[in-house]
$ cat protein.cif   # mmCIF, C-alpha atoms and all ligand atoms
data_start
loop_
_atom_site.label_atom_id
_atom_site.label_comp_id
_atom_site.auth_asym_id
_atom_site.auth_seq_id
_atom_site.Cartn_x
_atom_site.Cartn_y
_atom_site.Cartn_z
CA MET A 10 4.73 26.00 -79.23
CA THR A 11 1.68 26.65 -81.36
CA PRO A 12 2.34 29.27 -84.03
CA ILE A 13 0.12 32.36 -83.88
CA ARG A 14 -1.90 33.61 -86.81
CA ALA A 15 -0.97 37.10 -88.04
CA ARG A 16 -1.49 39.46 -90.99
CA TRP A 17 1.73 40.49 -92.68
CA PHE A 18 1.96 43.81 -94.52
CA ASN A 19 5.25 43.35 -96.33
CA GLY A 20 5.63 47.00 -97.33
CA GLN A 21 5.45 46.26 -101.06
CA SER A 22 1.82 45.29 -101.43
CA SER A 23 -1.12 47.02 -99.77
CA ARG A 24 -2.77 43.66 -99.32
CA ALA A 25 -2.03 41.70 -96.16
CA GLN A 26 -0.92 38.09 -96.32
CA ASP A 27 -2.02 35.62 -93.69
CA VAL A 28 0.98 34.01 -92.01
CA LEU A 29 1.94 32.05 -88.91
CA VAL A 30 4.37 33.51 -86.38
CA ALA A 31 6.60 31.40 -84.17
CA LEU A 32 8.95 32.69 -81.49
CA GLN A 33 12.12 30.83 -80.60
CA ALA A 34 14.31 31.31 -77.53
CA GLY A 35 17.81 32.66 -78.16
CA PRO A 36 20.75 33.91 -76.11
CA LYS A 37 19.93 37.58 -76.83
CA GLY A 38 16.16 37.12 -76.54
CA PRO A 39 13.52 35.47 -78.73
CA SER A 40 13.83 35.45 -82.51
CA LEU A 41 10.77 35.64 -84.75
CA HIS A 42 9.91 33.23 -87.59
CA LEU A 43 7.34 33.80 -90.29
CA LEU A 44 5.86 30.56 -91.59
CA ALA A 45 3.59 29.96 -94.56
CA LEU A 46 0.04 28.88 -93.97
CA ASP A 47 -0.85 25.57 -95.60
CA GLY A 48 -1.15 25.97 -99.32
CA ASP A 49 0.43 29.45 -99.34
CA ARG A 50 3.64 30.37 -101.02
CA VAL A 51 5.11 32.73 -98.42
CA PRO A 52 8.70 31.66 -97.81
CA THR A 53 9.80 30.97 -94.23
CA ARG A 54 11.74 33.94 -92.87
CA ARG A 55 13.70 34.37 -89.67
CA PHE A 56 14.15 37.72 -87.87
CA ALA A 57 16.86 38.03 -85.21
CA HIS A 58 15.86 39.56 -81.87
CA ALA A 59 17.46 42.91 -82.77
CA ASP A 60 15.60 43.09 -86.11
CA VAL A 61 12.18 43.19 -84.46
CA GLU A 62 10.59 46.19 -82.74
CA TRP A 63 9.03 44.35 -79.84
CA PRO A 64 5.79 46.05 -78.81
CA PRO A 65 5.53 47.25 -75.20
CA VAL A 66 4.03 44.89 -72.65
CA TRP A 67 0.55 45.95 -71.56
CA SER A 68 -1.13 45.92 -68.19
CA ARG A 69 -3.24 42.90 -67.36
CA HIS A 70 -6.36 45.06 -67.28
CA ARG A 71 -5.66 46.92 -70.51
CA THR A 72 -5.10 44.24 -73.09
CA PRO A 73 -5.19 45.83 -76.57
CA ALA A 74 -7.44 44.34 -79.22
CA VAL A 75 -4.70 44.18 -81.85
CA ILE A 76 -0.97 44.41 -81.47
CA THR A 77 1.41 45.58 -84.15
CA VAL A 78 4.93 44.27 -84.51
CA SER A 79 7.30 46.17 -86.78
CA LEU A 80 9.83 44.17 -88.74
CA ASN A 81 11.61 47.33 -89.95
CA ASN A 82 12.35 46.92 -93.70
CA ALA A 83 10.22 43.82 -93.90
CA GLY A 84 6.93 45.53 -93.02
CA THR A 85 4.63 44.94 -90.05
CA LEU A 86 2.62 42.18 -88.48
CA GLU A 87 -0.84 42.54 -86.97
CA ILE A 88 -1.91 39.99 -84.40
CA ASP A 89 -5.49 39.66 -83.13
CA THR A 90 -4.65 37.36 -80.20
CA PRO A 91 -2.52 39.44 -77.81
CA GLN A 92 -2.73 36.88 -75.02
CA ALA A 93 -1.35 34.15 -77.27
CA TRP A 94 1.45 36.51 -78.31
CA GLN A 95 2.31 37.30 -74.69
CA ASP A 96 2.29 33.61 -73.74
CA ALA A 97 4.55 32.81 -76.67
CA LEU A 98 6.95 35.59 -75.65
CA LEU A 99 7.22 34.23 -72.11
CA GLU A 100 7.62 30.70 -73.39
CA ALA A 101 10.47 31.92 -75.62
CA GLY A 102 12.20 33.32 -72.55
CA ALA A 103 11.51 37.06 -73.01
CA ARG A 104 12.35 39.01 -69.88
CA PRO A 105 10.23 42.13 -69.44
CA SER A 106 12.24 45.26 -68.69
CA LEU A 107 11.99 46.95 -65.29
CA ALA A 108 9.84 49.73 -66.73
CA GLN A 109 7.49 47.16 -68.26
CA ARG A 110 7.25 45.23 -65.01
CA MET A 111 6.46 48.47 -63.18
CA GLN A 112 3.63 49.11 -65.62
CA THR A 113 2.12 45.67 -65.21
CA HIS A 114 2.83 44.76 -61.59
CA TRP A 115 2.10 46.94 -58.58
CA PRO A 116 4.45 45.06 -56.22
CA VAL A 117 7.38 45.80 -58.53
CA PHE A 118 6.36 49.44 -58.69
CA LEU A 119 6.15 49.60 -54.89
CA GLY A 120 9.55 47.92 -54.63
CA VAL A 121 11.10 50.53 -56.90
CA LEU A 122 9.36 53.26 -54.90
CA LEU A 123 10.82 51.82 -51.68
CA VAL A 124 14.33 51.75 -53.14
CA ALA A 125 13.89 55.38 -54.25
CA ALA A 126 12.67 56.36 -50.78
CA ILE A 127 15.69 54.67 -49.18
CA GLY A 128 17.88 56.57 -51.62
CA VAL A 129 16.32 59.90 -50.63
CA LEU A 130 16.62 59.05 -46.93
CA SER A 131 20.28 58.08 -47.27
CA PHE A 132 20.88 61.35 -49.06
CA TYR A 133 19.17 63.11 -46.16
CA ARG A 134 21.12 61.18 -43.52
CA TYR A 135 24.60 61.17 -45.07
CA GLY A 136 24.67 63.25 -48.23
CA THR A 137 23.11 66.44 -46.88
CA PRO A 138 25.31 66.80 -43.76
CA TRP A 139 28.38 66.30 -45.93
CA ALA A 140 27.22 68.78 -48.57
CA ALA A 141 26.17 71.23 -45.84
CA ALA A 142 29.59 71.09 -44.17
CA GLN A 143 31.24 71.88 -47.53
CA ILE A 144 28.84 74.73 -48.31
CA THR A 145 29.06 76.17 -44.79
CA ARG A 146 32.76 76.95 -45.32
CA HIS A 147 31.63 79.50 -47.91
CA VAL A 148 28.70 81.03 -46.01
CA PRO A 149 29.69 84.63 -45.21
CA LEU A 150 29.47 85.93 -41.66
CA SER A 151 27.25 88.78 -42.87
CA TRP A 152 24.64 86.22 -43.98
CA GLU A 153 24.66 84.64 -40.52
CA LEU A 154 24.41 88.02 -38.81
CA SER A 155 21.39 89.09 -40.85
CA LEU A 156 19.73 85.71 -40.32
CA THR A 157 20.25 86.07 -36.58
CA GLU A 158 18.92 89.62 -36.58
CA GLN A 159 15.71 88.42 -38.27
CA ALA A 160 15.39 85.36 -36.05
CA LEU A 161 15.84 87.29 -32.84
CA ALA A 162 13.34 89.94 -33.98
CA GLN A 163 10.81 87.16 -34.66
CA LEU A 164 11.45 85.51 -31.31
CA ASP A 165 11.06 88.89 -29.58
CA GLN A 166 7.73 89.40 -31.31
CA GLY A 167 6.78 85.86 -30.32
CA TYR A 168 7.32 84.49 -26.87
CA LEU A 169 10.61 86.04 -25.76
CA LYS A 170 10.34 88.97 -23.32
CA PRO A 171 12.95 91.49 -22.14
CA SER A 172 15.12 90.27 -19.30
CA LYS A 173 14.21 91.26 -15.74
CA LEU A 174 17.71 90.63 -14.42
CA SER A 175 19.25 93.70 -12.77
CA PRO A 176 21.68 95.69 -14.95
CA GLU A 177 24.43 94.89 -12.43
CA ARG A 178 23.84 91.15 -12.69
CA GLN A 179 23.79 91.35 -16.49
CA ALA A 180 27.01 93.37 -16.47
CA GLU A 181 28.67 90.82 -14.20
CA LEU A 182 27.77 87.92 -16.52
CA HIS A 183 28.84 89.97 -19.57
CA ARG A 184 32.20 90.51 -17.91
CA GLN A 185 32.65 86.76 -17.28
CA PHE A 186 31.52 85.92 -20.84
CA ASP A 187 34.10 88.33 -22.29
CA ALA A 188 36.79 86.98 -19.97
CA LEU A 189 36.02 83.44 -21.11
CA LEU A 190 36.38 84.48 -24.77
CA THR A 191 39.82 85.97 -24.14
CA ARG A 192 40.97 82.54 -22.90
CA MET A 193 39.90 80.78 -26.11
CA SER A 194 43.00 79.52 -27.93
CA PRO A 195 43.23 79.40 -31.73
CA GLU A 196 43.39 75.56 -31.67
CA LEU A 197 39.71 75.50 -30.70
CA ALA A 198 38.71 77.05 -34.04
CA ARG A 199 36.77 74.70 -36.32
CA TYR A 200 36.75 76.88 -39.45
CA PRO A 201 40.18 78.54 -39.88
CA SER A 202 39.07 81.91 -41.21
CA TYR A 203 35.75 82.12 -39.35
CA ALA A 204 35.67 85.05 -36.89
CA PRO A 205 32.20 85.24 -35.31
CA ARG A 206 31.04 88.42 -33.55
CA PHE A 207 30.30 87.13 -30.07
CA SER A 208 27.65 88.83 -27.95
CA LEU A 209 25.57 87.78 -24.97
CA ALA A 210 21.86 88.63 -24.75
CA PHE A 211 19.43 88.06 -21.87
CA ARG A 212 15.73 87.27 -22.31
CA SER A 213 12.80 85.99 -20.28
CA GLY A 214 9.52 84.38 -21.35
CA MET A 215 10.99 80.91 -21.80
CA GLY A 216 12.13 78.09 -19.50
CA ALA A 217 15.70 77.63 -18.29
CA ASN A 218 17.65 77.71 -21.53
CA ALA A 219 20.54 79.12 -23.46
CA PHE A 220 20.96 78.94 -27.21
CA ALA A 221 23.41 80.10 -29.83
CA LEU A 222 22.42 81.93 -32.98
CA PRO A 223 24.64 81.92 -36.09
CA GLY A 224 27.35 84.55 -36.15
CA GLY A 225 27.98 84.63 -32.39
CA THR A 226 24.88 85.77 -30.47
CA VAL A 227 24.30 83.65 -27.37
CA VAL A 228 20.95 84.06 -25.62
CA MET A 229 20.56 83.10 -21.97
CA THR A 230 17.21 83.12 -20.18
CA ASP A 231 16.48 84.64 -16.78
CA ALA A 232 15.08 81.25 -15.75
CA LEU A 233 18.50 79.63 -16.26
CA VAL A 234 20.24 82.28 -14.15
CA GLU A 235 17.55 81.91 -11.46
CA THR A 236 17.74 78.09 -11.50
CA ALA A 237 21.50 78.26 -10.91
CA ALA A 238 20.99 80.67 -8.00
CA LYS A 239 18.21 78.54 -6.45
CA SER A 240 20.43 75.47 -6.70
CA GLY A 241 23.19 77.34 -4.85
CA LEU A 242 25.56 76.96 -7.79
CA SER A 243 28.40 79.38 -8.55
CA ASP A 244 28.54 81.35 -11.80
CA ASP A 245 30.91 78.67 -13.12
CA ALA A 246 27.74 76.71 -13.90
CA LEU A 247 26.41 79.49 -16.17
CA ILE A 248 29.83 80.10 -17.69
CA GLY A 249 30.08 76.39 -18.49
CA VAL A 250 26.76 76.58 -20.31
CA LEU A 251 27.98 79.66 -22.20
CA ALA A 252 31.15 77.76 -23.16
CA HIS A 253 28.92 75.02 -24.59
CA GLU A 254 26.96 77.62 -26.61
CA ILE A 255 30.18 79.24 -27.84
CA GLY A 256 31.04 75.72 -29.06
CA HIS A 257 27.84 75.64 -31.14
CA VAL A 258 28.81 79.01 -32.66
CA VAL A 259 32.41 78.02 -33.43
CA HIS A 260 31.24 74.76 -35.05
CA ARG A 261 28.55 76.71 -36.92
CA HIS A 262 25.98 74.05 -36.04
CA THR A 263 22.90 76.16 -36.71
CA THR A 264 24.24 77.39 -40.03
CA ARG A 265 25.01 73.82 -41.01
CA MET A 266 21.46 72.74 -40.20
CA VAL A 267 19.94 75.68 -42.07
CA VAL A 268 22.17 74.91 -45.05
CA GLU A 269 21.17 71.23 -44.80
CA GLN A 270 17.51 72.18 -45.00
CA GLY A 271 18.36 74.27 -48.05
CA VAL A 272 20.36 71.46 -49.67
CA LEU A 273 17.52 69.09 -48.95
CA GLN A 274 14.90 71.40 -50.40
CA VAL A 275 16.98 72.02 -53.50
CA GLY A 276 17.75 68.29 -53.77
CA LEU A 277 14.10 67.33 -53.44
CA GLY A 278 13.12 70.11 -55.81
CA LEU A 279 15.51 68.77 -58.43
CA ALA A 280 14.47 65.17 -57.81
CA LEU A 281 10.77 65.95 -58.05
CA GLY A 282 11.21 68.56 -60.76
CA ASP A 283 9.31 71.03 -58.66
CA VAL A 284 11.05 74.38 -58.68
CA SER A 285 8.52 75.97 -56.33
CA SER A 286 9.73 73.72 -53.50
CA ILE A 287 13.13 75.39 -53.77
CA ALA A 288 11.37 77.90 -51.61
CA SER A 289 12.70 80.55 -49.35
CA PHE A 290 13.70 79.33 -45.96
CA GLY A 291 14.91 81.57 -43.21
CA SER A 292 14.62 82.68 -39.69
CA THR A 293 11.45 80.73 -38.91
CA LEU A 294 13.50 77.56 -39.33
CA LEU A 295 15.81 78.47 -36.48
CA THR A 296 13.08 78.38 -33.86
CA GLY A 297 12.15 74.81 -34.76
CA LEU A 298 15.65 73.43 -34.88
CA ALA A 299 17.00 71.15 -32.19
CA TYR A 300 20.69 70.36 -32.19
CA ARG A 301 21.82 66.88 -33.10
CA ARG A 302 23.49 64.45 -30.73
CA GLN A 303 26.77 64.77 -32.57
CA HIS A 304 26.54 68.55 -32.32
CA GLU A 305 25.95 68.26 -28.56
CA THR A 306 29.03 66.10 -28.14
CA GLU A 307 31.09 68.58 -30.16
CA ALA A 308 29.80 71.50 -28.08
CA ASP A 309 30.50 69.60 -24.83
CA CYS A 310 34.04 68.74 -25.91
CA PHE A 311 34.55 72.37 -26.85
CA ALA A 312 33.19 73.53 -23.48
CA VAL A 313 35.45 71.15 -21.53
CA ALA A 314 38.51 72.33 -23.48
CA LEU A 315 37.63 76.02 -23.11
CA MET A 316 36.86 75.69 -19.39
CA GLN A 317 40.22 73.97 -18.93
CA GLN A 318 41.95 76.83 -20.73
CA ALA A 319 40.11 79.29 -18.46
CA GLN A 320 40.96 77.11 -15.42
CA LEU A 321 37.31 76.78 -14.47
CA PRO A 322 35.51 73.60 -13.27
CA THR A 323 32.82 71.83 -15.40
CA GLY A 324 31.16 70.16 -12.40
CA PRO A 325 28.82 73.09 -11.60
CA MET A 326 27.59 73.17 -15.20
CA ALA A 327 26.85 69.42 -15.01
CA ASP A 328 24.95 69.97 -11.74
CA LEU A 329 22.89 72.74 -13.32
CA LEU A 330 21.95 70.60 -16.33
CA LEU A 331 21.15 67.59 -14.15
CA GLY A 332 18.95 69.83 -11.99
CA ILE A 333 17.03 71.03 -15.06
CA ALA A 334 16.63 67.46 -16.31
CA SER A 335 15.31 66.25 -12.92
CA ALA A 336 12.91 69.19 -12.59
CA ARG A 337 11.58 68.52 -16.10
CA GLU A 338 11.15 64.82 -15.44
CA GLY A 339 9.20 65.57 -12.23
CA GLN A 340 7.07 68.10 -14.08
CA ARG A 341 6.23 65.57 -16.79
CA LYS A 342 5.04 63.03 -14.24
CA ASP A 343 2.87 65.50 -12.31
CA GLN A 344 1.28 67.41 -15.16
CA PRO A 345 1.69 66.35 -18.75
CA THR A 346 2.46 69.45 -20.79
CA LYS A 347 -0.45 70.71 -22.84
CA LYS A 348 0.25 71.56 -26.44
CA ALA A 349 -0.50 75.26 -26.01
CA GLU A 350 1.83 75.51 -23.02
CA ARG A 351 4.77 73.89 -24.72
CA GLY A 352 6.13 77.17 -26.03
CA SER A 353 6.45 78.69 -22.60
CA PHE A 354 8.09 75.53 -21.25
CA ALA A 355 10.55 75.35 -24.14
CA GLY A 356 13.85 75.01 -22.41
CA TRP A 357 17.26 73.51 -22.48
CA LEU A 358 16.00 69.94 -22.91
CA SER A 359 13.93 70.70 -25.99
CA SER A 360 16.89 72.11 -27.89
CA HIS A 361 19.71 69.99 -26.40
CA PRO A 362 19.10 66.22 -26.64
CA ASP A 363 20.55 63.62 -24.25
CA THR A 364 21.21 66.21 -21.55
CA ARG A 365 21.13 63.85 -18.58
CA GLN A 366 23.54 61.36 -20.10
CA ARG A 367 25.95 64.08 -21.24
CA ALA A 368 25.77 65.93 -17.92
CA GLU A 369 26.62 62.74 -16.03
CA GLN A 370 29.69 62.34 -18.23
CA LEU A 371 30.69 65.97 -17.66
CA LYS A 372 30.19 65.49 -13.93
CA ALA A 373 32.42 62.41 -13.92
CA GLY A 374 35.03 64.41 -15.83
CA GLN A 375 34.72 62.11 -18.84
CA THR A 376 34.79 63.61 -22.27
CA ALA A 377 34.12 60.49 -24.31
CA GLY A 378 34.02 60.99 -28.04
CA CYS A 379 36.20 64.11 -28.06
CA LYS A 380 39.08 64.37 -30.48
CA SER A 381 42.20 65.04 -28.46
ZN ZN A 401 23.87 72.29 -27.07
#
$ encode --input "protein.cif" --output "structure tokens"
Amino acid sequence: MTPIRARWFNGQSSRAQDVLVALQAGPKGPSLHLLALDGDRVPTRRFAHADVEWPPVWSRHRTPAVITVSLNNAGTLEIDTPQAWQDALLEAGARPSLAQRMQTHWPVFLGVLLVAAIGVLSFYRYGTPWAAAQITRHVPLSWELSLTEQALAQLDQGYLKPSKLSPERQAELHRQFDALLTRMSPELARYPSYAPRFSLAFRSGMGANAFALPGGTVVMTDALVETAAKSGLSDDALIGVLAHEIGHVVHRHTTRMVVEQGVLQVGLGLALGDVSSIASFGSTLLTGLAYRRQHETEADCFAVALMQQAQLPTGPMADLLLGIASAREGQRKDQPTKKAERGSFAGWLSSHPDTRQRAEQLKAGQTAGCKS
């Protein structure tokens, strides 16, 4: 290689000496050699890689006019030809660090960004559910009950309306709901010390649906009760649906998802260093949550087990869900739902994914994916 001209301030004299600098490849990185210019009396000196403070690599568009290389006790070098210095470094086998490559090359930066994004997504997919399940064990029932109270109040101010079912009909379903709960054996418990306060509430203003709120409140819509009646199905269909919702309560699915959102917000807040994003989250979340596939399977398995304990059939429940799925599919074909109408159509299918497939399994008496 061609040596590079440099000015050497040796730390003893204020006057710079003109020298030549050569870089030589070595196992731990390049070493630096100071050579005398012709006719000068500067002795040749060698600096090991670790004895040189290598200046940071610059971006291609921001080449500095002069670069300074510190030789620690032996003073500093000033070099007026940064490009020659950079070429010499590469020739001597210098490997830029990741941070330096990110500064100089966009593709590397984007690659690192992608890896970071995959890391965050994996945390979301696997880390958060795990952390949420651990934290949920310690969530007190009182917290769930107050969350549910707020959520239900919001829903009642929003699109839910009081039920128009007759008091007798409501009382009859309450009686069957309570009877079902008395048949629930302790083996069905998911969290050993968790004792939810079960209650059944009726509402209208929403499509055929039933949903479970944390702490034990199960809401059933008039439309669901009416759909079962129109389809000529016995109350076993509605009780089956309630068993499924009791499963969501016992497995604390909603609490787990709310906790997950919290874990995620805290995690992102810590990762991004933004404390304000560790914001309050609460009842508004509940309305936007749809259960996960795995949660649906767990609730189905729970329902099948509970219905068996109560000696009730699961076929009518499957028929009811299949009826809702078919009606919804027909509705979609005829008149695509407008955005503004979606709230009033919000029903079973929007909060319970894969209904048709699961209902067909229930109908066939299969309970695939259940732990025995
Ligand atoms: Zn469900």
$ closest_atom_pairs --input "protein.cif" --of "chain A" --to "ligand ZN 401 (chain A)" --cutoff "7 Å" --atoms "all atoms listed in the file" --output "JSON lines"
{"residue": "A:His253", "atom": "CA", "partner": "A:ZN401", "partner_atom": "ZN", "distance": 6.3}
{"residue": "A:Glu254", "atom": "CA", "partner": "A:ZN401", "partner_atom": "ZN", "distance": 6.2}
{"residue": "A:His257", "atom": "CA", "partner": "A:ZN401", "partner_atom": "ZN", "distance": 6.6}
{"residue": "A:Tyr300", "atom": "CA", "partner": "A:ZN401", "partner_atom": "ZN", "distance": 6.3}
{"residue": "A:His304", "atom": "CA", "partner": "A:ZN401", "partner_atom": "ZN", "distance": 7.0}
{"residue": "A:Glu305", "atom": "CA", "partner": "A:ZN401", "partner_atom": "ZN", "distance": 4.8}
{"residue": "A:Ala308", "atom": "CA", "partner": "A:ZN401", "partner_atom": "ZN", "distance": 6.1}
{"residue": "A:His361", "atom": "CA", "partner": "A:ZN401", "partner_atom": "ZN", "distance": 4.8}
$ atom_distance --input "protein.cif" --atom1 "atom CA of Glu153 of chain A" --atom2 "atom CA of Pro201 of chain A"
16.7 Å
$ axis_aligned_box --input "protein.cif" --around "segment 89-108 of chain A" --padding-each-side "6 Å" --output "lines of an AutoDock Vina configuration file"
center_x = 3.4
center_y = 40.2
center_z = -74.2
size_x = 29.8
size_y = 31.0
size_z = 29.8
$ residues_around --input "protein.cif" --residues "Ala327 of chain A" --least-positions-apart "3" --cutoff "10 Å" --atoms "all atoms listed in the file" --output "PyMOL selection string"
chain A and resi 246+249-250+322-324+330-333+364-365+367-374
$ closest_residue --input "protein.cif" --among "A:Ala31, A:Leu222, A:Arg261, A:Leu174" --to "Ala101 of chain A" --atoms "all atoms listed in the file"
A:Ala31
$ closest_residue --input "protein.cif" --among "A:Arg265, A:Lys380, A:Lys37, A:Arg24" --to "Arg301 of chain A" --atoms "only C-alpha atoms"
A:Arg265
$ closest_atom_pairs --input "protein.cif" --of "segment 81-104 of chain A" --to "segment 49-66 of chain A" --cutoff "10 Å" --atoms "all atoms listed in the file" --output "tab-separated table"
residue	atom	partner	partner_atom	distance
A:Asn81	CA	A:Val61	CA	6.9
A:Asn82	CA	A:Asp60	CA	9.1
A:Ala83	CA	A:Phe56	CA	9.4
A:Thr85	CA	A:Glu62	CA	9.5
A:Pro91	CA	A:Val66	CA	10.0
A:Gln95	CA	A:Val66	CA	8.0
A:Leu98	CA	A:Trp63	CA	9.9
$ atom_distance --input "protein.cif" --atom1 "atom CA of Ala74 of chain A" --atom2 "atom CA of Pro12 of chain A"
18.6 Å
$ closest_residue --input "protein.cif" --among "A:Val272, A:Cys310, A:Ala93, A:Leu321" --to "Gln143 of chain A" --atoms "only C-alpha atoms"
A:Val272
$ residues_around --input "protein.cif" --residues "Ser240 of chain A" --least-positions-apart "5" --cutoff "9 Å" --atoms "only C-alpha atoms" --output "MDAnalysis selection string"
chainID A and resid 235 328:329 332
$ residues_around --input "protein.cif" --residues "Ile76 of chain A" --least-positions-apart "2" --cutoff "9 Å" --atoms "all atoms listed in the file" --output "list in words"
Pro64, Pro73, Ala74, Val78, Leu86, Glu87, Ile88, Asp89, Thr90, Pro91 and Trp94 of chain A
$ residues_around --input "protein.cif" --residues "segment 136-142 of chain A" --least-positions-apart "6" --cutoff "9 Å" --atoms "only C-alpha atoms" --output "MDAnalysis selection string"
chainID A and resid 264:273 276
$ atom_distance --input "protein.cif" --atom1 "atom CA of Leu190 of chain A" --atom2 "atom CA of Tyr168 of chain A"
29.1 Å
$ residues_around --input "protein.cif" --residues "Glu307 of chain A" --least-positions-apart "6" --cutoff "8 Å" --atoms "only C-alpha atoms" --output "list in words"
Gly256, His257, His260 and Cys379 of chain A
$ closest_residue --input "protein.cif" --among "A:Ser208, A:Pro195, A:Gln159, A:Gly120" --to "Leu182 of chain A" --atoms "only C-alpha atoms"
A:Ser208
$ closest_residue --input "protein.cif" --among "A:Ala204, A:Leu123, A:Ala334, A:Leu247" --to "Pro362 of chain A" --atoms "all atoms listed in the file"
A:Ala334
